[in-house]
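Asker: The structure follows.
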Amino acid sequence: AELKKASKRLTCHKRYKIQKKIREHHRKVRKEAKKRGRKKPKKDPGVPSAAPFKEELLREAEQRKQRLEELKQKQKLNRQKEHEKKRKLEAKKNAAKIKEKAEGKESSGKSKAKTSKLLDKNSKKSFCRELKKVIEASDVVLEVLDARDPMGCRCPQLEQAVTCSGGDKKLLLVLNKIDLVPKENLEKWLNYLKKEFPTVAFKSATLMKDRTMEQVTKRRARVDLSRTTECFGSKCLLKLLQEHGKTQNKAIQVGVVGFPNVGKSSIINSLKGVRACNVGLARGVTKSMQIVHIDKQTKMLDSPSIIADPSNNALALALRSIIDIEESGVAEVLEGVDAILNHCSKQQVVMHYNIPDFRNTEEFLTLLAQKRGMLKKGGVPDVENVAKLLLCDWTGAKISYHSQPPGSQRLPPYLTEDKIAEMQECFNLKNLEEENNNTVQALKYPSPASSIIFQSAGMANGTIEENKVIEVASECENLETSKEEEEEEEEDFTESDDDQDDVEEEKDVKEVNQVSSTLALALVSVTHDFLFSESKHSNSLSFSLDKTADEDDAYDFNTDYV
């Protein structure tokens with residue numbers, strides 16, 4: 001038999017008892033409210049139309065209101081910045097804790113030492129250390145230049161270190177990404193650079209014959225394999241290195257150096273024919289020296305990127321510095337984009353991105369975000385991510401732009417005619433020129449109209465010496481700080497924030513009350529005398545004005561009385 005639900009019916013006695021208690025409670029509440037008295041919100045009296053100096057009063061009220069709003073916005077921004085710093089600290093701490101748990105570290109001392117070593121691998125000093133190792137170990141140094149801005153990719157400190165090192169160390173220039181510049185511009189640059197160092201025209205293969213290649217062909221049916229898998233200039237470069245090895249009668253080590261995203265690792269992969277080194281759009285993928293055997297006589301040494309000196313201009317820092325675009329601040333990214341746009345033809349940029357004319361960098365980024373559909377909640381353009389994407393496009397191999405070589409050939413102070421002759425000594429320059437002409441003829445190039453004209457900022461200074469590197473906010477120091485100190489700082493920070501908010505709110509309330517009371521008194525006296533007693537008009541007016549003048553310090557117009 002099924003059980004029936006219990007009935008919710010009550011006895012009349014119980015029901016009436018409940019109703020009585022409810023009535024008593026309501027009566028009690030009404031009685032208390034009557035004792036307290038109803039405090040109706042006081043209506044703003046406003047400024048009467050007949051009152052004198054009405055326009056001035058309203059103008060002052062508006063000005064003070066604007067000042068208060070600006071002050072509040074500044075305080076809000078400062079608080080947001082501090083909160084961001086706090087969040088970053090917490091994220092670093094959490095990451096360190098996760099690493100400690102994964103590795104199963106026993107003692108706290110050992111764990112701190114290991115985390116500092118892990119962070120040290122990504123530090124600029126370790127990059128310099130590894131780069132110096134490569135330069136010292138190599139017999140031939142290949143300085144890789146981006147064909148779109150060869151002068152901006154040259155590092156005078158590196159060239160000086162190689163040329164003035166003594167011995168038989170040679171320096172070769174490799175002009176990479178030649179398929180992204182017009183043919184005439186490439187020929188001009190080859191003629192300019194060969195007068196200083198032997199220069200090889202090169203186009204590295206972006207897709208290697210491995211699993212990644214298969215995945216791409218499966219996903220995309222239309223892949224121009226002639227452009228991606230074929231490599232141009234590799235035979236010329238290998239021949240040049242093998243000939244140099246024969247003259248030295250020994251196996252040679254070839255160091256590949258350059259600024260970030262110029263294509264160092266992809267050149268080694270192209271020469272090897274297999275994906276031997278990691279390649280990526282992110283800057284600073286290679287973190288240590290890596291040896292790749294091409295044949296019995298040649299070893300290639302992959303190196304970390306050259307670190308751009310902080311004294312460089314904004315353009316050089318935007319395109320050549322080792323910065324993690326995802327972790328970098330909004331101000332740095334926007335400054336970099338602004339520098340790039342200032343060194344380009346505005347009309348060509350508008351044509352390339354297919355957007356309307358813009359007045360400044362922010363407007364350009366908002367238009368680009370709307371064009372690409374990169375929007376936040378509420379349809380707000382995601383300016384930050386668009387700026388990061390734009391920087392990746394300009395350092396990667398997506399955008400075709402070109403810069404013109406200098407009109408007159410001026411040798412750097414570390415280069416003399418004897419040094420140039422010494423660098424060109426063991427190489428067959430005629431064969432090199434012929435091979436370069438063959439590679440130039442074999443490739444397809446963008447038309448000069450479709451390529452953006454770019455104004456180069458000249459050579460970019462780099463730091464090779466480990467001692468000269470300035471680490472910005474070393475992460476190790478942040479992690480090594482004791483937990484107690486961190487907790488205290490966080491508590492103080494939160495308390496100070498809360499106190500600030502409370503104090504601001506109290507001040508605002510007091511100011512509003514003072515304003516409403518003083519304004520109401522002053523206006524009542526003025527209007528009363530002005531409308532009803534014409535004989536006492538002048539005396540009362542002067543009295544009321546004197547009163548407002550005395551109380552001017554407490555007379556804060558933070559609301560508009562209209």
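Quick note on naming: the chains in the structure tokens go A, B, ... in the order shown, residues restart at 1 in each chain, and ligands are numbered from 1 in order of appearance.
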Check which residues of region 183-202 of chain A sit at most 12 Å from region 150-154 of chain A using only C-alpha atoms, and return one row each with the closest pair of atoms and their distance in Å to one decimal, ordered by chain and rising number, as a Markdown table.
Answerer:
| residue | atom | partner | partner_atom | distance |
| --- | --- | --- | --- | --- |
| A:Asn185 | CA | A:Pro150 | CA | 11.2 |
| A:Leu186 | CA | A:Pro150 | CA | 10.1 |
| A:Lys188 | CA | A:Pro150 | CA | 11.4 |
| A:Trp189 | CA | A:Pro150 | CA | 7.9 |
| A:Leu190 | CA | A:Pro150 | CA | 10.0 |
| A:Tyr192 | CA | A:Met151 | CA | 10.5 |
| A:Leu193 | CA | A:Pro150 | CA | 9.0 |
| A:Phe197 | CA | A:Arg154 | CA | 11.8 |
| A:Thr199 | CA | A:Pro150 | CA | 11.3 |
| A:Ala201 | CA | A:Pro150 | CA | 11.7 |
Asker: How would the residues just picked look written out with N, CA and C atoms as a compact mmCIF listing (two decimals), in the first residue's frame?
Answerer:
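Final output, selection_3.txt:
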# COMPACT_ATOMS: atom_id res chain seq x y z
N ASN A 185 64.89 45.92 -53.93
CA ASN A 185 65.36 46.28 -52.59
C ASN A 185 66.37 45.27 -52.07
N LEU A 186 66.13 43.98 -52.34
CA LEU A 186 67.05 42.92 -51.92
C LEU A 186 68.41 43.07 -52.59
N LYS A 188 69.76 45.79 -53.74
CA LYS A 188 70.42 46.97 -53.17
C LYS A 188 71.11 46.63 -51.85
N TRP A 189 70.41 45.88 -51.00
CA TRP A 189 70.97 45.51 -49.70
C TRP A 189 72.16 44.56 -49.84
N LEU A 190 72.08 43.62 -50.79
CA LEU A 190 73.20 42.70 -51.01
C LEU A 190 74.45 43.46 -51.46
N TYR A 192 75.10 46.59 -50.81
CA TYR A 192 75.56 47.45 -49.70
C TYR A 192 76.34 46.63 -48.66
N LEU A 193 75.79 45.46 -48.28
CA LEU A 193 76.38 44.68 -47.19
C LEU A 193 77.66 43.94 -47.59
N PHE A 197 81.03 42.81 -45.15
CA PHE A 197 81.23 41.39 -44.81
C PHE A 197 80.66 40.52 -45.94
N THR A 199 78.18 38.30 -47.64
CA THR A 199 76.73 38.21 -47.34
C THR A 199 76.08 37.12 -48.18
N ALA A 201 72.40 35.43 -49.34
CA ALA A 201 70.94 35.57 -49.43
C ALA A 201 70.31 34.23 -49.08
Asker: For Lys346 (chain A), work out the shell of residues within 12 Å, counting only C-alpha atoms and skipping chain neighbours fewer than 2 positions away, then give it as a ChimeraX atom specification.
Answerer: /A:338,340-344,348-361,364,452-454
Asker: Any chance you could export the current selection's C-alpha atoms as a compact mmCIF listing (two decimals), in the first residue's frame?
Answerer:
# COMPACT_ATOMS: atom_id res chain seq x y z
CA ASP A 338 53.16 53.51 -31.76
CA ILE A 340 56.19 51.00 -35.60
CA LEU A 341 53.33 53.13 -36.98
CA ASN A 342 55.47 56.30 -36.76
CA HIS A 343 58.17 54.67 -38.93
CA CYS A 344 55.74 53.53 -41.66
CA GLN A 348 50.13 51.96 -46.93
CA VAL A 349 49.21 50.75 -43.42
CA VAL A 350 45.56 51.76 -44.03
CA MET A 351 45.60 49.94 -47.39
CA HIS A 352 47.26 46.81 -45.95
CA TYR A 353 44.87 46.39 -43.01
CA ASN A 354 41.87 47.61 -45.04
CA ILE A 355 40.68 50.05 -42.37
CA PRO A 356 39.57 53.73 -42.53
CA ASP A 357 41.94 56.62 -41.78
CA PHE A 358 43.00 56.99 -38.13
CA ARG A 359 44.31 59.88 -36.02
CA ASN A 360 46.40 58.06 -33.39
CA THR A 361 47.57 54.59 -32.32
CA PHE A 364 44.08 52.42 -35.20
CA ILE A 452 55.08 48.71 -46.77
CA ILE A 453 57.91 51.27 -46.84
CA PHE A 454 59.67 51.25 -43.46
Asker: Measuring atom to atom with only C-alpha atoms, identify which of A:Thr298, A:Thr395, A:Asn191, A:Asn176 is nearest to Phe232 (chain A).
Answerer: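 Selected residue with least distance to Phe232 (chain A): A:Asn176.
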Asker: So which residues touch Ala397 (chain A) within 9 Å, counting only C-alpha atoms, skipping near sequence neighbours fewer than 6 positions away, as a PDB file with all heavy atoms, in the first residue's frame?
Answerer:
ATOM      1  N   LYS A 177      64.760  35.675 -44.766  1.00  0.00           N
ATOM      2  CA  LYS A 177      63.392  36.150 -45.107  1.00  0.00           C
ATOM      3  C   LYS A 177      63.408  37.054 -46.344  1.00  0.00           C
ATOM      4  O   LYS A 177      62.737  38.085 -46.387  1.00  0.00           O
ATOM      5  CB  LYS A 177      62.768  36.898 -43.917  1.00  0.00           C
ATOM      6  CG  LYS A 177      62.673  36.068 -42.642  1.00  0.00           C
ATOM      7  CD  LYS A 177      62.040  36.844 -41.515  1.00  0.00           C
ATOM      8  CE  LYS A 177      62.055  36.051 -40.220  1.00  0.00           C
ATOM      9  NZ  LYS A 177      61.467  36.759 -39.098  1.00  0.00           N
ATOM     10  N   LEU A 180      60.173  38.221 -48.430  1.00  0.00           N
ATOM     11  CA  LEU A 180      59.216  39.202 -47.910  1.00  0.00           C
ATOM     12  C   LEU A 180      59.519  40.636 -48.354  1.00  0.00           C
ATOM     13  O   LEU A 180      58.846  41.568 -47.920  1.00  0.00           O
ATOM     14  CB  LEU A 180      59.190  39.148 -46.378  1.00  0.00           C
ATOM     15  CG  LEU A 180      58.709  37.833 -45.756  1.00  0.00           C
ATOM     16  CD1 LEU A 180      58.919  37.854 -44.256  1.00  0.00           C
ATOM     17  CD2 LEU A 180      57.249  37.568 -46.070  1.00  0.00           C
ATOM     18  N   ASN A 261      63.706  36.410 -33.333  1.00  0.00           N
ATOM     19  CA  ASN A 261      62.804  36.252 -34.489  1.00  0.00           C
ATOM     20  C   ASN A 261      63.421  36.613 -35.845  1.00  0.00           C
ATOM     21  O   ASN A 261      62.701  36.986 -36.768  1.00  0.00           O
ATOM     22  CB  ASN A 261      61.511  37.054 -34.293  1.00  0.00           C
ATOM     23  CG  ASN A 261      60.573  36.394 -33.309  1.00  0.00           C
ATOM     24  OD1 ASN A 261      60.405  36.881 -32.209  1.00  0.00           O
ATOM     25  ND2 ASN A 261      59.975  35.281 -33.678  1.00  0.00           N
TER      26      ASN A 261
END
Asker: Report, in Å to a single decimal, how far apart CA of Val140 (chain A) and CA of Ser234 (chain A) are.
Answerer: 15.9 Å
Asker: Have a look at A:Pro45, A:Pro446, A:Pro405, A:Gly258 and name the one nearest to Ile306 (chain A); count only C-alpha atoms.
Answerer: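 Residue with the minimum atom-to-atom distance to Ile306 (chain A): A:Gly258.
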Asker: Between CA of Lys430 (chain A) and CA of Leu171 (chain A), what is the distance in Å, rounded to a tenth?
Answerer: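 That distance, rounded to one decimal, is 17.6 Å.
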Asker: A:Arg148, A:Lys296, A:Leu301, A:Ala421: which is nearest Lys246 (chain A), counting only C-alpha atoms?
Answerer: A:Lys296
Asker: Per DSSP on the backbone, filter region 163-361 of chain A down to the residues in strand (DSSP E) and report them as an MDAnalysis selection string.
Answerer: chainID A and resid 170:176 199:201 252:257 290:293 298:302 307:308
Asker: Under the rule that only C-alpha atoms are counted, which of A:Val29, A:Gln73, A:Val181, A:Lys81 is the nearest residue to Tyr401 (chain A)?
Answerer: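 Smallest distance to Tyr401 (chain A) is found for A:Val181.
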